[in-house]
$ cat target02.txt   # compact mmCIF, C-alpha atoms (C1' of nucleotides)
# COMPACT_ATOMS: atom_id res chain seq x y z
CA MET A 1 131.51 124.65 116.40
CA LYS A 2 129.31 126.12 113.68
CA PRO A 3 130.95 126.95 110.36
CA GLY A 4 131.23 130.69 109.71
CA LEU A 5 128.63 132.38 107.54
CA SER A 6 131.16 133.17 104.85
CA ASP A 7 132.22 129.51 104.75
CA ARG A 8 128.67 128.37 104.36
CA LEU A 9 127.99 130.95 101.67
CA ALA A 10 131.11 129.95 99.78
CA ARG A 11 130.11 126.29 99.87
CA LEU A 12 126.57 127.12 98.82
CA LYS A 13 127.78 129.25 95.97
CA LYS A 14 130.16 126.53 94.78
CA SER A 15 127.53 123.83 94.77
CA GLN A 16 124.96 126.05 93.07
CA SER A 17 127.09 127.65 90.43
CA SER A 18 128.35 124.40 89.00
CA GLN A 19 124.93 122.88 88.90
CA PRO A 20 123.03 124.51 86.04
CA MET A 21 125.59 124.08 83.31
CA THR A 22 126.28 120.45 84.11
CA ARG A 23 122.55 119.86 84.11
CA ILE A 24 122.27 121.44 80.71
CA MET A 25 125.04 119.33 79.28
CA SER A 26 124.03 116.01 80.76
CA SER A 27 122.06 113.93 78.31
CA SER A 28 119.70 112.32 80.72
CA THR A 29 118.49 109.05 79.37
CA ALA A 30 117.72 107.64 82.76
CA GLU A 31 114.18 108.87 83.02
CA GLY A 32 111.29 107.39 81.16
CA ASP A 33 111.26 108.25 77.47
CA ILE A 34 107.56 108.82 77.17
CA SER A 35 107.73 112.63 77.19
CA ARG A 36 111.13 113.01 75.60
CA GLU A 37 109.92 113.25 72.03
CA ILE A 38 108.31 116.30 70.55
CA PRO A 39 104.68 115.42 69.86
CA SER A 40 103.90 114.86 66.19
CA ALA A 41 101.58 117.87 66.12
CA LEU A 42 104.58 120.11 66.87
CA LYS A 43 107.30 118.09 65.18
CA ASP A 44 107.48 120.22 62.03
CA ASP A 45 108.14 123.49 63.84
CA TRP A 46 109.82 122.65 67.10
CA LYS A 47 113.37 121.46 67.71
CA VAL A 48 115.06 120.22 70.84
CA LEU A 49 117.52 122.93 71.79
CA ASP A 50 118.74 121.59 75.10
CA LYS A 51 117.67 119.32 77.86
CA ASP A 52 114.02 120.05 78.58
CA LEU A 53 114.12 123.02 76.25
CA TRP A 54 112.51 123.28 72.84
CA VAL A 55 112.75 126.08 70.36
CA MET A 56 110.66 127.25 67.45
CA GLU A 57 111.76 129.83 64.92
CA ARG A 58 109.70 131.28 62.13
CA ARG A 59 109.89 134.23 59.85
CA CYS A 60 107.08 136.28 58.47
CA LYS A 61 106.65 139.58 56.72
CA SER A 62 107.54 142.45 59.05
CA PRO A 63 104.60 144.66 60.04
CA LEU A 64 107.12 147.44 60.57
CA THR A 65 108.43 148.09 57.07
CA ASP A 66 106.60 151.43 56.83
CA PHE A 67 107.30 152.29 60.46
CA LYS A 68 107.64 156.00 61.15
CA SER A 69 108.43 157.28 64.62
CA SER A 70 106.47 160.22 65.95
CA GLY A 71 108.93 160.70 68.77
CA LEU A 72 106.03 160.58 71.22
CA LEU A 73 106.18 156.97 72.41
CA VAL A 74 109.96 156.68 72.41
CA LYS A 75 112.36 159.62 72.11
CA ASP A 76 115.01 157.84 70.08
CA TYR A 77 114.43 154.41 68.69
CA PRO A 78 117.51 152.23 68.31
CA PRO A 79 117.84 150.37 64.97
CA GLN A 80 114.96 147.91 64.49
CA ASP A 81 117.16 144.84 64.76
CA GLN A 82 117.87 145.88 68.33
CA TRP A 83 114.20 145.83 69.29
CA LEU A 84 112.89 142.89 71.26
CA PHE A 85 109.17 142.22 71.43
CA TYR A 86 108.49 139.78 74.23
CA ASP A 87 105.67 137.92 75.90
CA THR A 88 105.68 135.07 78.39
CA GLU A 89 103.26 132.28 79.21
CA THR A 90 103.53 131.42 82.86
CA THR A 91 102.31 129.06 85.53
CA GLY A 92 100.00 131.70 86.94
CA LEU A 93 99.35 135.33 87.59
CA SER A 94 100.84 135.69 91.02
CA GLY A 95 104.19 137.30 91.53
CA GLY A 96 106.84 135.88 93.77
CA ALA A 97 109.25 133.00 93.45
CA GLY A 98 106.73 130.30 92.59
CA ASN A 99 105.68 131.60 89.21
CA THR A 100 107.65 130.32 86.22
CA ALA A 101 107.68 131.33 82.59
CA PHE A 102 107.39 128.06 80.66
CA LEU A 103 107.07 129.70 77.25
CA VAL A 104 108.96 132.83 76.27
CA GLY A 105 108.23 134.31 72.88
CA ILE A 106 110.35 137.01 71.36
CA GLY A 107 110.11 138.90 68.12
CA ARG A 108 112.72 140.85 66.29
CA PRO A 109 112.36 142.89 63.09
CA SER A 110 115.04 142.15 60.56
CA GLY A 111 114.70 144.18 57.41
CA ASP A 112 111.56 143.11 55.59
CA GLU A 113 111.16 140.15 57.88
CA PHE A 114 109.98 139.58 61.39
CA LEU A 115 111.67 136.77 63.25
CA ILE A 116 109.72 135.05 65.99
CA THR A 117 111.53 132.72 68.37
CA GLN A 118 109.78 130.77 71.07
CA TYR A 119 111.50 128.95 73.90
CA PHE A 120 109.44 126.24 75.54
CA LEU A 121 110.24 124.63 78.85
CA ARG A 122 109.55 120.92 78.52
CA ASP A 123 110.19 120.58 82.24
CA TYR A 124 111.56 122.63 85.10
CA PRO A 125 115.21 121.51 84.77
CA GLY A 126 115.35 123.24 81.40
CA GLU A 127 114.94 126.67 82.94
CA PRO A 128 118.63 127.60 83.35
CA ALA A 129 119.19 126.79 79.69
CA LEU A 130 116.15 128.83 78.65
CA LEU A 131 117.41 131.77 80.66
CA HIS A 132 120.90 131.53 79.17
CA TYR A 133 119.51 131.70 75.64
CA LEU A 134 117.21 134.52 76.68
CA LYS A 135 120.10 136.38 78.21
CA GLU A 136 121.92 136.33 74.88
CA GLU A 137 118.86 137.73 73.12
CA ILE A 138 118.55 140.43 75.76
CA ALA A 139 122.22 141.31 75.48
CA ARG A 140 121.84 142.33 71.86
CA SER A 141 118.68 144.36 72.37
CA GLU A 142 118.29 148.02 73.25
CA LEU A 143 114.51 148.36 73.40
CA PHE A 144 112.06 145.93 75.02
CA ILE A 145 108.49 146.07 73.82
CA SER A 146 105.65 144.35 75.64
CA TYR A 147 102.05 144.55 76.76
CA ASN A 148 101.88 145.09 80.50
CA GLY A 149 105.44 143.78 80.60
CA LYS A 150 106.57 146.47 83.02
CA SER A 151 104.46 145.05 85.78
CA PHE A 152 104.13 141.40 84.74
CA ASP A 153 106.63 139.83 82.35
CA LYS A 154 109.71 141.85 83.22
CA PRO A 155 109.61 141.44 87.02
CA LEU A 156 108.77 137.78 86.53
CA LEU A 157 111.75 137.17 84.28
CA GLU A 158 113.99 139.13 86.63
CA THR A 159 112.91 136.89 89.48
CA ARG A 160 113.67 133.81 87.37
CA PHE A 161 117.14 135.14 86.53
CA LEU A 162 117.72 135.91 90.20
CA MET A 163 116.55 132.47 91.35
CA ASN A 164 118.93 130.88 88.84
CA ARG A 165 121.82 133.16 89.82
CA ILE A 166 122.11 134.58 86.35
CA SER A 167 122.77 138.28 86.17
CA CYS A 168 120.81 139.89 83.40
CA ARG A 169 119.45 143.38 82.99
CA MET A 170 116.81 144.42 80.52
CA GLY A 171 117.14 147.89 79.03
CA PRO A 172 114.53 150.55 78.25
CA GLN A 173 110.95 149.32 78.25
CA LEU A 174 108.15 150.32 75.91
CA ASP A 175 104.96 148.98 77.43
CA LEU A 176 102.17 149.47 74.91
CA LEU A 177 99.43 149.06 77.51
CA TYR A 178 99.89 152.64 78.71
CA PRO A 179 99.60 154.54 75.44
CA VAL A 180 96.66 152.29 74.55
CA ARG A 181 94.95 153.21 77.80
CA SER A 182 95.59 156.92 77.33
CA LEU A 183 94.29 156.90 73.78
CA PHE A 184 91.45 154.39 73.74
CA LYS A 185 90.30 153.83 77.30
CA ASN A 186 86.99 155.56 76.67
CA ARG A 187 86.37 153.85 73.38
CA LEU A 188 86.97 150.23 74.36
CA PRO A 189 85.15 147.93 76.77
CA ASN A 190 88.59 147.25 78.28
CA CYS A 191 92.22 147.59 77.22
CA ARG A 192 93.16 143.93 77.02
CA LEU A 193 95.34 143.08 74.06
CA GLY A 194 92.54 140.94 72.63
CA SER A 195 90.11 143.87 72.58
CA VAL A 196 92.73 146.11 71.01
CA GLU A 197 93.32 143.54 68.28
CA GLU A 198 89.66 143.10 67.59
CA LEU A 199 88.43 146.69 67.73
CA ILE A 200 91.45 148.73 66.72
CA LEU A 201 93.70 146.53 64.65
CA GLY A 202 90.95 144.49 63.03
CA ILE A 203 92.65 141.22 63.88
CA HIS A 204 90.21 138.40 64.56
CA ARG A 205 91.65 135.37 66.25
CA THR A 206 90.02 132.03 65.67
CA ASP A 207 90.35 129.23 68.16
CA ASP A 208 92.34 131.37 70.57
CA ILE A 209 92.91 129.87 73.99
CA PRO A 210 91.78 131.92 77.00
CA GLY A 211 94.76 133.01 79.09
CA SER A 212 93.27 131.62 82.25
CA GLU A 213 93.40 128.08 80.85
CA ILE A 214 97.07 128.24 79.98
CA PRO A 215 98.74 127.33 83.31
CA ASP A 216 96.67 124.14 83.68
CA ILE A 217 97.53 123.03 80.18
CA TRP A 218 101.22 123.15 80.97
CA PHE A 219 100.80 121.37 84.30
CA GLU A 220 98.76 118.70 82.60
CA PHE A 221 101.43 118.41 79.93
CA LEU A 222 104.10 118.00 82.62
CA LYS A 223 102.14 115.16 84.17
CA GLU A 224 101.05 113.35 81.02
CA GLY A 225 103.83 114.20 78.59
CA SER A 226 101.35 115.66 76.14
CA HIS A 227 98.29 117.84 75.90
CA PRO A 228 95.95 118.36 72.96
CA ASP A 229 95.86 122.12 73.51
CA LEU A 230 99.57 122.74 73.92
CA LYS A 231 99.89 123.85 70.32
CA ARG A 232 97.12 126.37 70.83
CA VAL A 233 99.10 127.87 73.71
CA MET A 234 102.12 128.25 71.48
CA ILE A 235 100.07 129.81 68.71
CA HIS A 236 98.50 132.15 71.25
CA ASN A 237 101.94 133.35 72.31
CA ASP A 238 103.10 133.64 68.71
CA MET A 239 100.11 135.82 67.87
CA ASP A 240 100.65 138.01 70.91
CA ILE A 241 104.17 138.74 69.71
CA LEU A 242 103.08 139.54 66.18
CA SER A 243 100.21 141.69 67.46
CA LEU A 244 102.65 143.73 69.51
CA ALA A 245 104.54 144.64 66.38
CA VAL A 246 101.34 145.44 64.47
CA LEU A 247 100.12 147.51 67.40
CA LEU A 248 103.32 149.52 67.72
CA ASN A 249 103.23 150.30 64.03
CA ALA A 250 99.56 151.29 64.27
CA LEU A 251 100.11 153.53 67.28
CA GLU A 252 102.93 155.43 65.64
CA ASN A 253 100.89 155.69 62.46
CA TYR A 254 97.96 156.99 64.51
CA MET A 255 100.15 159.83 65.75
CA HIS A 256 100.68 160.92 62.16
CA PHE A 257 97.26 160.05 60.73
CA PRO A 258 94.56 159.78 63.40
CA ASP A 259 92.03 158.70 60.79
CA SER A 260 94.11 155.66 60.00
CA LEU A 261 92.50 153.67 62.80
CA PRO A 262 88.82 152.77 63.00
CA ILE A 263 88.60 154.50 66.39
CA CYS A 264 89.62 158.09 66.96
CA ASP A 265 89.14 159.87 70.26
CA SER A 266 89.99 163.50 69.55
CA PHE A 267 90.01 164.48 73.18
CA ALA A 268 92.22 161.60 74.28
CA LEU A 269 94.62 162.23 71.42
CA GLY A 270 94.61 165.97 72.15
CA ARG A 271 95.40 165.42 75.80
CA PHE A 272 98.05 162.85 74.91
CA LEU A 273 99.72 165.36 72.59
CA LEU A 274 99.32 168.29 75.01
CA ASP A 275 101.05 166.29 77.76
CA ARG A 276 103.94 165.84 75.37
CA ASN A 277 104.08 169.46 74.27
CA ASP A 278 103.07 168.61 70.74
CA PRO A 279 101.54 171.67 69.05
CA ARG A 280 99.09 169.47 67.11
CA ALA A 281 97.28 168.94 70.42
CA LEU A 282 95.27 172.12 69.92
CA SER A 283 93.56 171.15 66.70
CA PHE A 284 92.47 167.81 68.16
CA LEU A 285 91.16 169.46 71.31
CA GLU A 286 89.32 171.97 69.17
CA SER A 287 87.68 169.25 67.16
CA SER A 288 86.73 167.49 70.38
CA VAL A 289 85.08 170.75 71.46
CA ASP A 290 83.26 170.85 68.11
CA GLN A 291 82.01 167.37 68.87
CA GLY A 292 80.66 168.72 72.13
CA ASP A 293 83.22 167.10 74.41
CA GLN A 294 83.06 169.03 77.68
CA ARG A 295 86.45 167.71 78.84
CA GLY A 296 87.96 169.23 75.72
CA GLU A 297 86.52 172.63 76.57
CA VAL A 298 87.92 172.51 80.09
CA LEU A 299 91.37 171.36 79.04
CA LEU A 300 91.65 173.77 76.14
CA SER A 301 90.45 176.81 78.09
CA LEU A 302 92.89 176.08 80.93
CA HIS A 303 95.64 175.76 78.34
CA TRP A 304 94.84 179.20 76.89
CA LYS A 305 94.63 180.64 80.38
CA ARG A 306 98.08 179.27 81.24
CA GLN A 307 99.41 180.72 78.00
CA GLY A 308 97.96 184.13 78.84
CA GLU A 309 95.68 183.97 75.79
CA TRP A 310 92.74 185.35 77.71
CA GLU A 311 90.47 186.15 74.78
CA LYS A 312 90.59 182.53 73.62
CA ALA A 313 89.91 181.22 77.12
CA VAL A 314 87.06 183.67 77.68
CA GLN A 315 85.57 182.68 74.33
CA ILE A 316 85.36 179.06 75.46
CA TRP A 317 83.90 179.89 78.88
CA THR A 318 81.34 182.16 77.25
CA ASN A 319 80.34 179.42 74.83
CA ILE A 320 79.99 176.95 77.67
CA LEU A 321 77.75 179.30 79.65
CA LYS A 322 75.63 179.96 76.59
CA LYS A 323 74.96 176.26 76.28
CA ARG A 324 74.55 175.16 79.88
CA GLN A 325 75.12 175.87 83.49
CA SER A 326 78.72 175.28 84.48
CA PRO A 327 80.27 176.01 87.87
CA PHE A 328 83.68 175.59 86.26
CA ALA A 329 83.10 178.18 83.54
CA SER A 330 81.34 180.56 85.95
CA VAL A 331 84.17 180.50 88.47
CA GLU A 332 86.80 180.91 85.77
CA MET A 333 84.90 183.84 84.29
CA ALA A 334 84.56 185.39 87.76
CA LYS A 335 88.29 185.01 88.36
CA TYR A 336 89.02 186.61 85.01
CA LEU A 337 86.64 189.53 85.64
CA GLU A 338 87.90 190.09 89.16
CA HIS A 339 91.63 189.86 88.58
CA LYS A 340 92.16 190.71 84.94
CA LYS A 341 89.31 193.05 83.99
CA LYS A 342 88.90 194.47 87.50
CA ASP A 343 85.18 194.40 86.93
CA ILE A 344 84.08 193.45 90.43
CA PRO A 345 80.32 193.90 89.91
CA ALA A 346 80.33 191.69 86.84
CA ALA A 347 82.27 189.00 88.71
CA LEU A 348 79.83 189.21 91.59
CA ASP A 349 76.89 188.95 89.20
CA ILE A 350 78.21 185.69 87.83
CA ILE A 351 78.82 184.17 91.25
CA ASP A 352 75.46 185.39 92.52
CA HIS A 353 73.69 183.95 89.53
CA LEU A 354 75.54 180.67 89.90
CA MET A 355 74.71 180.36 93.59
CA ARG A 356 71.07 181.13 92.99
CA SER A 357 70.59 178.70 90.15
CA MET A 358 72.65 175.70 91.16
CA ARG A 359 72.75 173.46 94.13
CA PRO A 360 76.34 172.90 95.11
CA LYS A 361 77.73 169.45 94.56
CA SER A 362 79.61 169.44 97.83
CA MET A 363 79.95 171.36 101.05
CA LEU A 364 83.45 172.29 99.96
CA GLN A 365 82.19 173.80 96.73
CA LYS A 366 79.52 175.73 98.56
CA GLU A 367 82.01 177.17 101.04
CA GLU A 368 84.39 178.08 98.26
CA LEU A 369 81.66 179.93 96.41
CA LEU A 370 80.52 181.70 99.56
CA HIS A 371 84.07 182.75 100.27
CA ARG A 372 84.46 184.12 96.78
CA ARG A 373 81.15 185.94 97.05
CA THR A 374 81.89 187.67 100.39
CA ARG A 375 85.23 188.82 99.08
CA LEU A 376 83.63 190.27 95.95
CA ILE A 377 80.97 192.05 98.01
CA ARG A 378 83.65 193.55 100.26
CA LYS A 379 85.60 194.71 97.23
CA LYS A 380 82.51 196.07 95.55
CA GLU A 381 81.61 198.17 98.57
CA THR A 382 85.01 199.81 98.68
CA PHE A 383 84.88 200.15 94.90
CA VAL A 384 81.57 201.98 95.18
CA ALA A 385 82.80 204.13 98.07
CA ASP A 386 85.74 205.24 95.94
CA THR A 387 83.48 206.22 93.10
CA PRO A 388 81.50 209.30 94.09
CA CYS A 389 79.21 209.34 91.06
CA GLU A 390 77.82 205.93 91.96
CA THR A 391 75.16 205.81 94.61
CA VAL A 392 75.08 203.21 97.32
CA GLU A 393 71.81 201.36 97.36
C1' DC B 394 95.98 136.21 93.50
C1' DA B 395 101.03 141.11 92.97
C1' DC B 396 102.62 144.78 90.96
C1' DA B 397 103.50 149.07 88.08
C1' DT B 398 101.38 152.69 86.15
C1' DG B 399 98.50 156.65 85.24
C1' DC B 400 94.68 159.38 86.48
C1' DT B 401 92.22 162.03 89.95
C1' DT B 402 91.81 164.56 94.08
C1' DG B 403 93.49 167.10 97.97
C1' DA B 404 97.05 169.36 100.61
C1' DT B 405 100.79 172.41 100.82
C1' DC B 406 104.18 175.70 99.50
C1' DC B 407 105.99 179.58 96.83
C1' DG B 408 106.17 183.86 94.15
C1' DA B 409 103.69 187.68 92.42
C1' DA B 410 100.15 191.00 92.54
C1' DT B 411 97.17 193.75 95.04
C1' DG B 412 94.86 196.26 98.75
C1' DC B 413 95.22 198.19 103.16
C1' DG C 414 105.05 195.97 106.23
C1' DC C 415 101.13 192.79 106.42
C1' DA C 416 97.30 190.00 104.64
C1' DT C 417 94.88 187.98 100.94
C1' DT C 418 94.48 185.75 96.66
C1' DC C 419 95.75 183.34 92.54
C1' DG C 420 98.33 180.15 89.56
C1' DG C 421 101.62 176.70 89.30
C1' DA C 422 104.39 173.12 91.01
C1' DT C 423 104.88 169.11 93.66
C1' DC C 424 103.64 165.30 96.38
C1' DA C 425 100.84 161.82 98.52
C1' DA C 426 96.92 158.84 98.71
C1' DG C 427 93.34 156.28 96.55
C1' DC C 428 91.61 153.90 92.75
C1' DA C 429 91.34 151.12 88.44
C1' DT C 430 93.45 147.88 85.52
C1' DG C 431 96.29 144.53 82.56
C1' DT C 432 99.24 140.20 82.71
C1' DG C 433 98.51 133.69 82.94

$ encode --input "target02.txt" --output "structure tokens"
Amino acid sequence: MKPGLSDRLARLKKSQSSQPMTRIMSSSTAEGDISREIPSALKDDWKVLDKDLWVMERRCKSPLTDFKSSGLLVKDYPPQDQWLFYDTETTGLSGGAGNTAFLVGIGRPSGDEFLITQYFLRDYPGEPALLHYLKEEIARSELFISYNGKSFDKPLLETRFLMNRISCRMGPQLDLLYPVRSLFKNRLPNCRLGSVEELILGIHRTDDIPGSEIPDIWFEFLKEGSHPDLKRVMIHNDMDILSLAVLLNALENYMHFPDSLPICDSFALGRFLLDRNDPRALSFLESSVDQGDQRGEVLLSLHWKRQGEWEKAVQIWTNILKKRQSPFASVEMAKYLEHKKKDIPAALDIIDHLMRSMRPKSMLQKEELLHRRTRLIRKKETFVADTPCETVE
DNA sequence: CACATGCTTGATCCGAATGC
DNA sequence: GCATTCGGATCAAGCATGTG
């Protein structure tokens, strides 16, 4: 007779739950000693924390001493010592159970200092220990700051916790990738952290290791017990953590002083602020209009329209039409004339002129214009019929 | 290669205004 | 009372993109 499911689960649970801790405690001397020692190149910084787990701690000057929240990235920041910057180096990019974080770097501001701690997996059996230390760090943190962590690092770590039957929840996430994209997408070749460092923060890395080479270096290290580039991987991770802190400070500073960064995109900043109901949005959108940014004109005029500030909206549409042909501005003007000013002939003039001078981008646009035009003609005829002094042509 | 996110576009619904 | 139109809200789908 088969054992019941609950019996099997209970046995499984018993055998699994006792395993990790005993593994951590056991001082395995049975295996070959070749890879047991920390290589001399790392000896000064790294300490053995547990079986197959090394740790490195260093302090540097905090980039966040003049930090000032704008309230736009995070509503209410907890105290800085409850922030946790984090970044992982993993065995690959793929999700799923097979991908492991072999190096977890965390950073925590502490007064004038910034404390960076890195946990390095010397081999797979060290993972439960790594996760237990990480869990303690997570437990005393209220804000988790990363770059693309929401879709990469966080789910990956959660999977590792799950696989090791450790319950651990990370709190509110601040993923700096998204504000960077909103603000600088059009001013950068891409929004990778490296580009942001180089072109926005003015940080130039020397001898940085490309991310794509990192998994192989660890696998090679596992096999050989050493690798000449392992230190570069650790430095790479260390710099990522520090850059996160510099970047957060810069972004918040940018909200207060947009000229403080070498790159300023008035439209992007204006839209960013408008989305967050920040009244400063208008002046940035206006300056984007001054710089001839057509997206700024569209966004700003629609804002005024929504606010019922018709004169301001009309002013923008008029300016657009003075400069160039614009189906958007023409249609908006026609709507305004038809529904607000009740000047049907003027509205019809604009649509007529537009249809004569442009070739419609799409069938849909053409049909929409035609629809608008027939309605205006119908209205105009009745308008004329009601006005005896006008003569019908 | 997976996944979360944000942006864009299109579809749909609702309330209000207006004309008949 | 009915039909049309608009703006605004909301939602879904599609697309691009960063992470090692």

$ interface_residues --input "target02.txt" --of "chain A" --to "chain C" --cutoff "8 Å" --atoms "only C-alpha atoms (C1' of nucleotides)" --output "ChimeraX atom specification"
/A:89-93,147-149,151-153,177,191-192,211-215

$ atom_distance --input "target02.txt" --atom1 "CA of Glu381 in chain A" --atom2 "CA of Ile344 in chain A"
9.7 Å

$ interface_residues --input "target02.txt" --of "chain A" --to "chain B" --cutoff "12 Å" --atoms "only C-alpha atoms (C1' of nucleotides)" --output "ChimeraX atom specification"
/A:92-97,99,148-156,175-182,185,338-340,342,364,378-379,382-383

$ write_last_selection --input "target02.txt" --atoms "C-alpha atoms" --output "PDB file, keeping the file's coordinate frame"
ATOM      1  CA  GLY A  92     100.000 131.700  86.940  1.00  0.00           C
ATOM      2  CA  LEU A  93      99.350 135.330  87.590  1.00  0.00           C
ATOM      3  CA  SER A  94     100.840 135.690  91.020  1.00  0.00           C
ATOM      4  CA  GLY A  95     104.190 137.300  91.530  1.00  0.00           C
ATOM      5  CA  GLY A  96     106.840 135.880  93.770  1.00  0.00           C
ATOM      6  CA  ALA A  97     109.250 133.000  93.450  1.00  0.00           C
ATOM      7  CA  ASN A  99     105.680 131.600  89.210  1.00  0.00           C
ATOM      8  CA  ASN A 148     101.880 145.090  80.500  1.00  0.00           C
ATOM      9  CA  GLY A 149     105.440 143.780  80.600  1.00  0.00           C
ATOM     10  CA  LYS A 150     106.570 146.470  83.020  1.00  0.00           C
ATOM     11  CA  SER A 151     104.460 145.050  85.780  1.00  0.00           C
ATOM     12  CA  PHE A 152     104.130 141.400  84.740  1.00  0.00           C
ATOM     13  CA  ASP A 153     106.630 139.830  82.350  1.00  0.00           C
ATOM     14  CA  LYS A 154     109.710 141.850  83.220  1.00  0.00           C
ATOM     15  CA  PRO A 155     109.610 141.440  87.020  1.00  0.00           C
ATOM     16  CA  LEU A 156     108.770 137.780  86.530  1.00  0.00           C
ATOM     17  CA  ASP A 175     104.960 148.980  77.430  1.00  0.00           C
ATOM     18  CA  LEU A 176     102.170 149.470  74.910  1.00  0.00           C
ATOM     19  CA  LEU A 177      99.430 149.060  77.510  1.00  0.00           C
ATOM     20  CA  TYR A 178      99.890 152.640  78.710  1.00  0.00           C
ATOM     21  CA  PRO A 179      99.600 154.540  75.440  1.00  0.00           C
ATOM     22  CA  VAL A 180      96.660 152.290  74.550  1.00  0.00           C
ATOM     23  CA  ARG A 181      94.950 153.210  77.800  1.00  0.00           C
ATOM     24  CA  SER A 182      95.590 156.920  77.330  1.00  0.00           C
ATOM     25  CA  LYS A 185      90.300 153.830  77.300  1.00  0.00           C
ATOM     26  CA  GLU A 338      87.900 190.090  89.160  1.00  0.00           C
ATOM     27  CA  HIS A 339      91.630 189.860  88.580  1.00  0.00           C
ATOM     28  CA  LYS A 340      92.160 190.710  84.940  1.00  0.00           C
ATOM     29  CA  LYS A 342      88.900 194.470  87.500  1.00  0.00           C
ATOM     30  CA  LEU A 364      83.450 172.290  99.960  1.00  0.00           C
ATOM     31  CA  ARG A 378      83.650 193.550 100.260  1.00  0.00           C
ATOM     32  CA  LYS A 379      85.600 194.710  97.230  1.00  0.00           C
ATOM     33  CA  THR A 382      85.010 199.810  98.680  1.00  0.00           C
ATOM     34  CA  PHE A 383      84.880 200.150  94.900  1.00  0.00           C
TER      35      PHE A 383
END

$ atom_distance --input "target02.txt" --atom1 "CA of Phe85 in chain A" --atom2 "CA of Ser195 in chain A"
19.2 Å

$ atom_distance --input "target02.txt" --atom1 "CA of Leu188 in chain A" --atom2 "CA of Ile200 in chain A"
9.0 Å

$ residues_around --input "target02.txt" --residues "Leu174 in chain A" --least-positions-apart "4" --cutoff "8 Å" --atoms "all atoms listed in the file" --output "ChimeraX atom specification"
/A:73-74,143-146

$ closest_residue --input "target02.txt" --among "A:Gly98, A:Gly296, A:Pro345, A:Pro279" --to "Thr159 in chain A" --atoms "all atoms listed in the file"
A:Gly98

$ residues_around --input "target02.txt" --residues "range 112-120 of chain A" --least-positions-apart "5" --cutoff "7 Å" --atoms "all atoms listed in the file" --output "list in words"
Leu53, Trp54, Val55, Met56, Glu57, Arg58, Arg59, Cys60, Lys61, Ser62, Thr65, Phe102, Leu103, Val104, Gly105, Ile106, Gly107 and Leu130 of chain A

$ residues_near_point --input "target02.txt" --point "(117.3, 151.1, 74.4)" --cutoff "12 Å" --atoms "only C-alpha atoms (C1' of nucleotides)" --output "PyMOL selection string"
chain A and resi 74-84+138-145+169-174
